[in-house]
file upload.pdb (PDB, C-alpha atoms, pLDDT in the B column)
ATOM      1  CA  MET A   1      16.735 -17.791 -19.151  1.00 81.00           C
ATOM      2  CA  LEU A   2      18.354 -14.490 -20.187  1.00 80.00           C
ATOM      3  CA  ALA A   3      19.839 -16.181 -23.266  1.00 82.00           C
ATOM      4  CA  ASP A   4      16.464 -17.506 -24.461  1.00 84.00           C
ATOM      5  CA  PRO A   5      15.737 -15.887 -27.855  1.00 85.00           C
ATOM      6  CA  ILE A   6      12.307 -14.583 -26.793  1.00 86.00           C
ATOM      7  CA  VAL A   7      13.655 -13.084 -23.555  1.00 82.00           C
ATOM      8  CA  ALA A   8      16.756 -11.749 -25.335  1.00 81.00           C
ATOM      9  CA  ALA A   9      14.518  -9.908 -27.802  1.00 81.00           C
ATOM     10  CA  LEU A  10      12.742  -8.147 -24.925  1.00 77.00           C
ATOM     11  CA  ARG A  11      15.639  -7.331 -22.616  1.00 77.00           C
ATOM     12  CA  ARG A  12      18.256  -4.642 -22.835  1.00 74.00           C
ATOM     13  CA  GLN A  13      21.813  -4.778 -21.594  1.00 77.00           C
ATOM     14  CA  ILE A  14      22.601  -6.772 -18.465  1.00 82.00           C
ATOM     15  CA  PHE A  15      24.938  -5.236 -15.916  1.00 81.00           C
ATOM     16  CA  PHE A  16      26.414  -6.678 -12.754  1.00 80.00           C
ATOM     17  CA  PRO A  17      25.663  -4.356  -9.805  1.00 76.00           C
ATOM     18  CA  ASN A  18      28.463  -2.754  -7.833  1.00 77.00           C
ATOM     19  CA  GLY A  19      27.865  -4.218  -4.357  1.00 75.00           C
ATOM     20  CA  ARG A  20      29.933  -1.599  -2.551  1.00 79.00           C
ATOM     21  CA  LEU A  21      28.031   1.219  -4.215  1.00 83.00           C
ATOM     22  CA  VAL A  22      24.664  -0.365  -3.432  1.00 79.00           C
ATOM     23  CA  ALA A  23      25.693  -0.885   0.210  1.00 78.00           C
ATOM     24  CA  SER A  24      26.957   2.689   0.495  1.00 84.00           C
ATOM     25  CA  LEU A  25      23.536   4.018  -0.551  1.00 82.00           C
ATOM     26  CA  SER A  26      21.703   2.179   2.214  1.00 74.00           C
ATOM     27  CA  GLN A  27      22.348   4.867   4.831  1.00 76.00           C
ATOM     28  CA  ARG A  28      19.497   7.362   4.694  1.00 75.00           C
ATOM     29  CA  ASN A  29      20.801  10.924   4.334  1.00 88.00           C
ATOM     30  CA  ALA A  30      20.555  13.844   1.910  1.00 92.00           C
ATOM     31  CA  TRP A  31      23.871  13.051   0.203  1.00 93.00           C
ATOM     32  CA  ASN A  32      22.861   9.461  -0.537  1.00 89.00           C
ATOM     33  CA  GLY A  33      19.456  10.660  -1.724  1.00 88.00           C
ATOM     34  CA  PHE A  34      21.194  12.944  -4.204  1.00 93.00           C
ATOM     35  CA  ARG A  35      23.619  10.192  -5.248  1.00 91.00           C
ATOM     36  CA  ALA A  36      20.740   7.740  -5.823  1.00 88.00           C
ATOM     37  CA  TRP A  37      18.896  10.336  -7.903  1.00 89.00           C
ATOM     38  CA  ALA A  38      22.027  11.080  -9.966  1.00 90.00           C
ATOM     39  CA  ILE A  39      22.723   7.385 -10.555  1.00 87.00           C
ATOM     40  CA  ALA A  40      19.105   6.746 -11.599  1.00 85.00           C
ATOM     41  CA  THR A  41      19.246   9.722 -13.971  1.00 87.00           C
ATOM     42  CA  VAL A  42      22.410   8.396 -15.615  1.00 83.00           C
ATOM     43  CA  LEU A  43      21.072   4.839 -15.846  1.00 82.00           C
ATOM     44  CA  ASP A  44      17.932   6.114 -17.588  1.00 83.00           C
ATOM     45  CA  ARG A  45      20.070   7.318 -20.508  1.00 84.00           C
ATOM     46  CA  ALA A  46      21.200   4.375 -22.640  1.00 82.00           C
ATOM     47  CA  PRO A  47      24.369   5.917 -24.144  1.00 86.00           C
ATOM     48  CA  LEU A  48      25.650   7.017 -20.720  1.00 85.00           C
ATOM     49  CA  ARG A  49      24.656   3.697 -19.156  1.00 83.00           C
ATOM     50  CA  ARG A  50      26.497   1.702 -21.826  1.00 83.00           C
ATOM     51  CA  THR A  51      29.615   3.879 -21.548  1.00 87.00           C
ATOM     52  CA  LEU A  52      29.832   4.074 -17.762  1.00 84.00           C
ATOM     53  CA  LEU A  53      28.909   0.455 -17.123  1.00 83.00           C
ATOM     54  CA  ALA A  54      30.832  -1.135 -20.004  1.00 83.00           C
ATOM     55  CA  GLN A  55      33.092  -3.048 -17.587  1.00 82.00           C
ATOM     56  CA  SER A  56      30.028  -4.379 -15.700  1.00 83.00           C
ATOM     57  CA  ARG A  57      28.206  -5.682 -18.783  1.00 84.00           C
ATOM     58  CA  ILE A  58      27.265  -9.359 -18.777  1.00 87.00           C
ATOM     59  CA  ASP A  59      26.889 -11.338 -21.996  1.00 87.00           C
ATOM     60  CA  PRO A  60      24.887 -14.454 -21.013  1.00 88.00           C
ATOM     61  CA  GLU A  61      25.330 -16.152 -24.394  1.00 87.00           C
ATOM     62  CA  ARG A  62      29.127 -15.872 -24.168  1.00 88.00           C
ATOM     63  CA  LEU A  63      29.171 -17.120 -20.580  1.00 89.00           C
ATOM     64  CA  LEU A  64      27.012 -20.123 -21.433  1.00 89.00           C
ATOM     65  CA  ALA A  65      29.223 -21.003 -24.388  1.00 92.00           C
ATOM     66  CA  ASP A  66      32.481 -20.785 -22.418  1.00 94.00           C
ATOM     67  CA  GLU A  67      32.628 -22.689 -19.122  1.00 94.00           C
ATOM     68  CA  LYS A  68      35.987 -21.153 -18.201  1.00 95.00           C
ATOM     69  CA  ALA A  69      34.573 -17.636 -18.710  1.00 91.00           C
ATOM     70  CA  LEU A  70      31.562 -18.581 -16.584  1.00 92.00           C
ATOM     71  CA  ARG A  71      33.773 -19.915 -13.781  1.00 93.00           C
ATOM     72  CA  ASP A  72      35.977 -16.803 -13.960  1.00 92.00           C
ATOM     73  CA  PHE A  73      32.878 -14.598 -13.807  1.00 88.00           C
ATOM     74  CA  VAL A  74      31.588 -16.394 -10.703  1.00 89.00           C
ATOM     75  CA  ARG A  75      34.993 -16.215  -8.977  1.00 90.00           C
ATOM     76  CA  ARG A  76      35.419 -12.532  -9.844  1.00 84.00           C
ATOM     77  CA  CYS A  77      31.885 -11.393  -9.047  1.00 80.00           C
ATOM     78  CA  ALA A  78      30.771 -13.524  -6.081  1.00 80.00           C
ATOM     79  CA  GLN A  79      30.097 -11.202  -3.158  1.00 69.00           C
ATOM     80  CA  LEU A  80      27.669 -10.463  -0.392  1.00 65.00           C
ATOM     81  CA  GLN A  81      24.225  -9.877  -1.841  1.00 60.00           C
ATOM     82  CA  TYR A  82      22.323  -6.690  -1.227  1.00 61.00           C
ATOM     83  CA  HIS A  83      18.724  -6.540  -2.301  1.00 65.00           C
ATOM     84  CA  VAL A  84      19.031  -5.118  -5.782  1.00 70.00           C
ATOM     85  CA  CYS A  85      15.875  -3.405  -6.919  1.00 81.00           C
ATOM     86  CA  GLY A  86      14.536  -1.301  -9.732  1.00 79.00           C
ATOM     87  CA  THR A  87      15.693  -3.652 -12.498  1.00 81.00           C
ATOM     88  CA  CYS A  88      12.177  -4.354 -13.792  1.00 83.00           C
ATOM     89  CA  ARG A  89      10.578  -1.045 -13.034  1.00 85.00           C
ATOM     90  CA  MET A  90       6.880  -0.328 -12.784  1.00 90.00           C
ATOM     91  CA  GLY A  91       5.238   2.237 -15.030  1.00 91.00           C
ATOM     92  CA  ARG A  92       2.760   2.906 -17.791  1.00 92.00           C
ATOM     93  CA  ALA A  93       2.841   0.865 -20.990  1.00 91.00           C
ATOM     94  CA  ASP A  94       3.961   3.946 -22.959  1.00 92.00           C
ATOM     95  CA  ASP A  95       7.043   4.361 -20.716  1.00 89.00           C
ATOM     96  CA  ALA A  96       9.887   2.712 -22.645  1.00 85.00           C
ATOM     97  CA  ASP A  97      11.779   1.996 -19.408  1.00 83.00           C
ATOM     98  CA  ALA A  98       8.835   0.374 -17.613  1.00 89.00           C
ATOM     99  CA  VAL A  99       8.560  -3.415 -17.591  1.00 91.00           C
ATOM    100  CA  VAL A 100       5.419  -3.966 -15.497  1.00 93.00           C
ATOM    101  CA  ASP A 101       2.196  -2.065 -14.847  1.00 93.00           C
ATOM    102  CA  SER A 102       0.856  -1.087 -11.411  1.00 89.00           C
ATOM    103  CA  ALA A 103      -0.586  -4.583 -10.946  1.00 91.00           C
ATOM    104  CA  GLY A 104       2.730  -6.297 -11.717  1.00 91.00           C
ATOM    105  CA  ARG A 105       1.656  -7.474 -15.192  1.00 93.00           C
ATOM    106  CA  VAL A 106       4.617  -7.627 -17.597  1.00 93.00           C
ATOM    107  CA  HIS A 107       3.984  -5.327 -20.565  1.00 93.00           C
ATOM    108  CA  GLY A 108       3.410  -7.321 -23.740  1.00 91.00           C
ATOM    109  CA  ILE A 109       3.357 -10.771 -22.116  1.00 91.00           C
ATOM    110  CA  GLU A 110       0.069 -12.425 -21.231  1.00 88.00           C
ATOM    111  CA  ALA A 111      -0.378 -14.030 -17.784  1.00 88.00           C
ATOM    112  CA  LEU A 112       3.039 -13.093 -16.360  1.00 92.00           C
ATOM    113  CA  ARG A 113       3.548 -10.897 -13.326  1.00 92.00           C
ATOM    114  CA  VAL A 114       6.606  -9.780 -11.403  1.00 91.00           C
ATOM    115  CA  VAL A 115       6.147  -9.157  -7.707  1.00 90.00           C
ATOM    116  CA  ASP A 116       9.381  -8.320  -5.904  1.00 89.00           C
ATOM    117  CA  ALA A 117      11.745  -5.404  -5.330  1.00 88.00           C
ATOM    118  CA  SER A 118      12.746  -5.349  -8.990  1.00 88.00           C
ATOM    119  CA  ILE A 119       9.527  -3.472  -9.853  1.00 90.00           C
ATOM    120  CA  PHE A 120      10.352  -0.401  -7.754  1.00 87.00           C
ATOM    121  CA  PRO A 121      10.641   2.624 -10.058  1.00 81.00           C
ATOM    122  CA  THR A 122      13.314   4.091  -7.756  1.00 80.00           C
ATOM    123  CA  VAL A 123      15.664   2.467  -5.270  1.00 77.00           C
ATOM    124  CA  PRO A 124      14.312   2.850  -1.717  1.00 79.00           C
ATOM    125  CA  ARG A 125      16.808   4.126   0.809  1.00 74.00           C
ATOM    126  CA  GLY A 126      15.432   2.027   3.632  1.00 74.00           C
ATOM    127  CA  TYR A 127      15.262  -1.649   4.435  1.00 78.00           C
ATOM    128  CA  THR A 128      13.428  -3.296   1.531  1.00 83.00           C
ATOM    129  CA  HIS A 129      11.756  -6.208   3.348  1.00 84.00           C
ATOM    130  CA  PHE A 130       8.641  -4.348   4.474  1.00 88.00           C
ATOM    131  CA  ILE A 131       8.385  -2.407   1.228  1.00 88.00           C
ATOM    132  CA  VAL A 132       8.409  -5.693  -0.704  1.00 89.00           C
ATOM    133  CA  LEU A 133       5.716  -7.091   1.608  1.00 92.00           C
ATOM    134  CA  MET A 134       3.516  -4.050   0.934  1.00 91.00           C
ATOM    135  CA  ALA A 135       4.039  -4.371  -2.832  1.00 90.00           C
ATOM    136  CA  ALA A 136       3.252  -8.102  -2.648  1.00 92.00           C
ATOM    137  CA  GLU A 137       0.025  -7.399  -0.731  1.00 94.00           C
ATOM    138  CA  LYS A 138      -0.995  -4.808  -3.346  1.00 92.00           C
ATOM    139  CA  MET A 139      -0.256  -7.231  -6.187  1.00 91.00           C
ATOM    140  CA  ALA A 140      -2.071 -10.074  -4.404  1.00 93.00           C
ATOM    141  CA  ASP A 141      -5.157  -7.853  -4.162  1.00 94.00           C
ATOM    142  CA  ALA A 142      -4.902  -7.043  -7.897  1.00 91.00           C
ATOM    143  CA  ILE A 143      -4.538 -10.744  -8.767  1.00 92.00           C
ATOM    144  CA  LYS A 144      -7.592 -11.610  -6.632  1.00 94.00           C
ATOM    145  CA  LEU A 145      -9.651  -8.869  -8.336  1.00 92.00           C
ATOM    146  CA  ASP A 146      -8.694 -10.171 -11.779  1.00 90.00           C
ATOM    147  CA  TRP A 147      -9.458 -13.743 -10.738  1.00 91.00           C
ATOM    148  CA  ARG A 148     -12.865 -12.781  -9.324  1.00 92.00           C
ATOM    149  CA  ALA A 149     -13.731 -10.793 -12.464  1.00 90.00           C
ATOM    150  CA  ASP A 150     -12.758 -13.730 -14.699  1.00 88.00           C
ATOM    151  CA  ARG A 151     -14.722 -16.127 -12.533  1.00 89.00           C
ATOM    152  CA  SER A 152     -17.853 -13.917 -12.600  1.00 89.00           C
ATOM    153  CA  ALA A 153     -17.616 -13.536 -16.364  1.00 88.00           C
ATOM    154  CA  ALA A 154     -17.308 -17.308 -16.802  1.00 87.00           C
ATOM    155  CA  GLN A 155     -20.324 -17.985 -14.554  1.00 88.00           C
ATOM    156  CA  SER A 156     -22.526 -15.438 -16.339  1.00 83.00           C
ATOM    157  CA  ALA A 157     -21.621 -16.769 -19.787  1.00 75.00           C
TER     158      ALA A 157
END
call {"tool": "encode", "arguments": {"input": "upload.pdb", "output": "structure tokens"}}
result
Amino acid sequence: MLADPIVAALRRQIFFPNGRLVASLSQRNAWNGFRAWAIATVLDRAPLRRTLLAQSRIDPERLLADEKALRDFVRRCAQLQYHVCGTCRMGRADDADAVVDSAGRVHGIEALRVVDASIFPTVPRGYTHFIVLMAAEKMADAIKLDWRADRSAAQSA
């Protein structure tokens, strides 16, 4: 999907997360709060992000074209999965780093929503399960409101 020309035109660089770093940030304390803020600040700046994460960059087109490279990537990068979030962050349409609005609608794409931990504008320092459930409930309410509005408009027309 990431290699699809339409998706490729919309996405930026793809980086493989550092599992140890993500896991180390899960403990809630002031130091980790500062570290998470510093990491987010760096990742928001494209030149720094590209330089610091150059070794973590993933090129989906190259991997799809080279089965050996794909197998090597899987062998090298397979690890325990932590709930990565903030990769599709929520924000206003005029925010260049935002991918979805507050109702989960993907900016610039009709009838597509994202409703999971990827929409978090910052990485939560607590267990993500309940936070995701709350976001999903909020998005479900927004989807129902849109559906009801569309249905009322269709009935009155």
call {"tool": "residues_around", "arguments": {"input": "upload.pdb", "residues": "region 21-31 of chain A", "least_positions_apart": "4", "cutoff": "9 Å", "atoms": "all atoms listed in the file", "output": "ChimeraX atom specification"}}
result
/A:17,35-36,82-84,124-127
call {"tool": "closest_residue", "arguments": {"input": "upload.pdb", "among": "A:Leu52, A:Asp97, A:Cys77, A:Leu70", "to": "Arg12 (chain A)", "atoms": "all atoms listed in the file"}}
result
A:Asp97
call {"tool": "atom_distance", "arguments": {"input": "upload.pdb", "atom1": "CA of Gly104 (chain A)", "atom2": "CA of Glu137 (chain A)"}}
result
11.4 Å
call {"tool": "resolve_selection", "arguments": {"input": "upload.pdb", "expression": "the PyMOL selection byres ((chain A and resi 139) around 10)", "output": "PyMOL selection string"}}
result
chain A and resi 102-105+113-116+133-138+140-145
call {"tool": "axis_aligned_box", "arguments": {"input": "upload.pdb", "around": "region 51-60 of chain A", "padding_each_side": "8 Å", "output": "lines of an AutoDock Vina configuration file"}}
result
center_x = 29.0
center_y = -5.2
center_z = -18.8
size_x = 24.2
size_y = 34.5
size_z = 22.3
call {"tool": "decode", "arguments": {"input": "upload.pdb", "residues": "region 53-70 of chain A", "atoms": "N, CA and C atoms", "output": "tab-separated table (two decimals), in the first residue's frame"}}
result
chain	number	residue	atom	x	y	z
A	53	LEU	N	17.53	9.84	11.50
A	53	LEU	CA	16.88	8.55	11.28
A	53	LEU	C	17.26	7.91	9.94
A	54	ALA	N	18.34	8.37	9.33
A	54	ALA	CA	18.73	7.86	8.01
A	54	ALA	C	18.88	6.34	8.01
A	55	GLN	N	19.43	5.76	9.08
A	55	GLN	CA	19.63	4.32	9.14
A	55	GLN	C	18.31	3.57	9.34
A	56	SER	N	17.26	4.25	9.77
A	56	SER	CA	15.96	3.62	10.03
A	56	SER	C	14.99	3.79	8.87
A	57	ARG	N	15.42	4.47	7.82
A	57	ARG	CA	14.52	4.76	6.69
A	57	ARG	C	14.17	3.49	5.94
A	58	ILE	N	12.91	3.39	5.55
A	58	ILE	CA	12.41	2.24	4.80
A	58	ILE	C	12.01	2.73	3.41
A	59	ASP	N	12.47	2.02	2.39
A	59	ASP	CA	12.10	2.33	1.01
A	59	ASP	C	11.22	1.18	0.52
A	60	PRO	N	9.88	1.33	0.58
A	60	PRO	CA	9.00	0.22	0.23
A	60	PRO	C	9.14	-0.25	-1.23
A	61	GLU	N	9.40	0.67	-2.14
A	61	GLU	CA	9.56	0.28	-3.54
A	61	GLU	C	10.77	-0.65	-3.71
A	62	ARG	N	11.88	-0.32	-3.05
A	62	ARG	CA	13.08	-1.14	-3.15
A	62	ARG	C	12.86	-2.50	-2.52
A	63	LEU	N	12.18	-2.52	-1.37
A	63	LEU	CA	11.92	-3.81	-0.71
A	63	LEU	C	11.02	-4.69	-1.55
A	64	LEU	N	10.02	-4.11	-2.18
A	64	LEU	CA	9.11	-4.91	-3.01
A	64	LEU	C	9.80	-5.44	-4.27
A	65	ALA	N	10.79	-4.71	-4.75
A	65	ALA	CA	11.48	-5.12	-5.97
A	65	ALA	C	12.59	-6.14	-5.71
A	66	ASP	N	12.98	-6.30	-4.45
A	66	ASP	CA	14.11	-7.17	-4.12
A	66	ASP	C	13.72	-8.10	-2.97
A	67	GLU	N	13.35	-9.33	-3.30
A	67	GLU	CA	12.88	-10.27	-2.27
A	67	GLU	C	13.95	-10.53	-1.22
A	68	LYS	N	15.21	-10.61	-1.62
A	68	LYS	CA	16.28	-10.83	-0.65
A	68	LYS	C	16.36	-9.67	0.34
A	69	ALA	N	16.26	-8.44	-0.17
A	69	ALA	CA	16.29	-7.26	0.70
A	69	ALA	C	15.09	-7.27	1.65
A	70	LEU	N	13.94	-7.69	1.15
A	70	LEU	CA	12.75	-7.78	2.00
A	70	LEU	C	12.94	-8.81	3.11
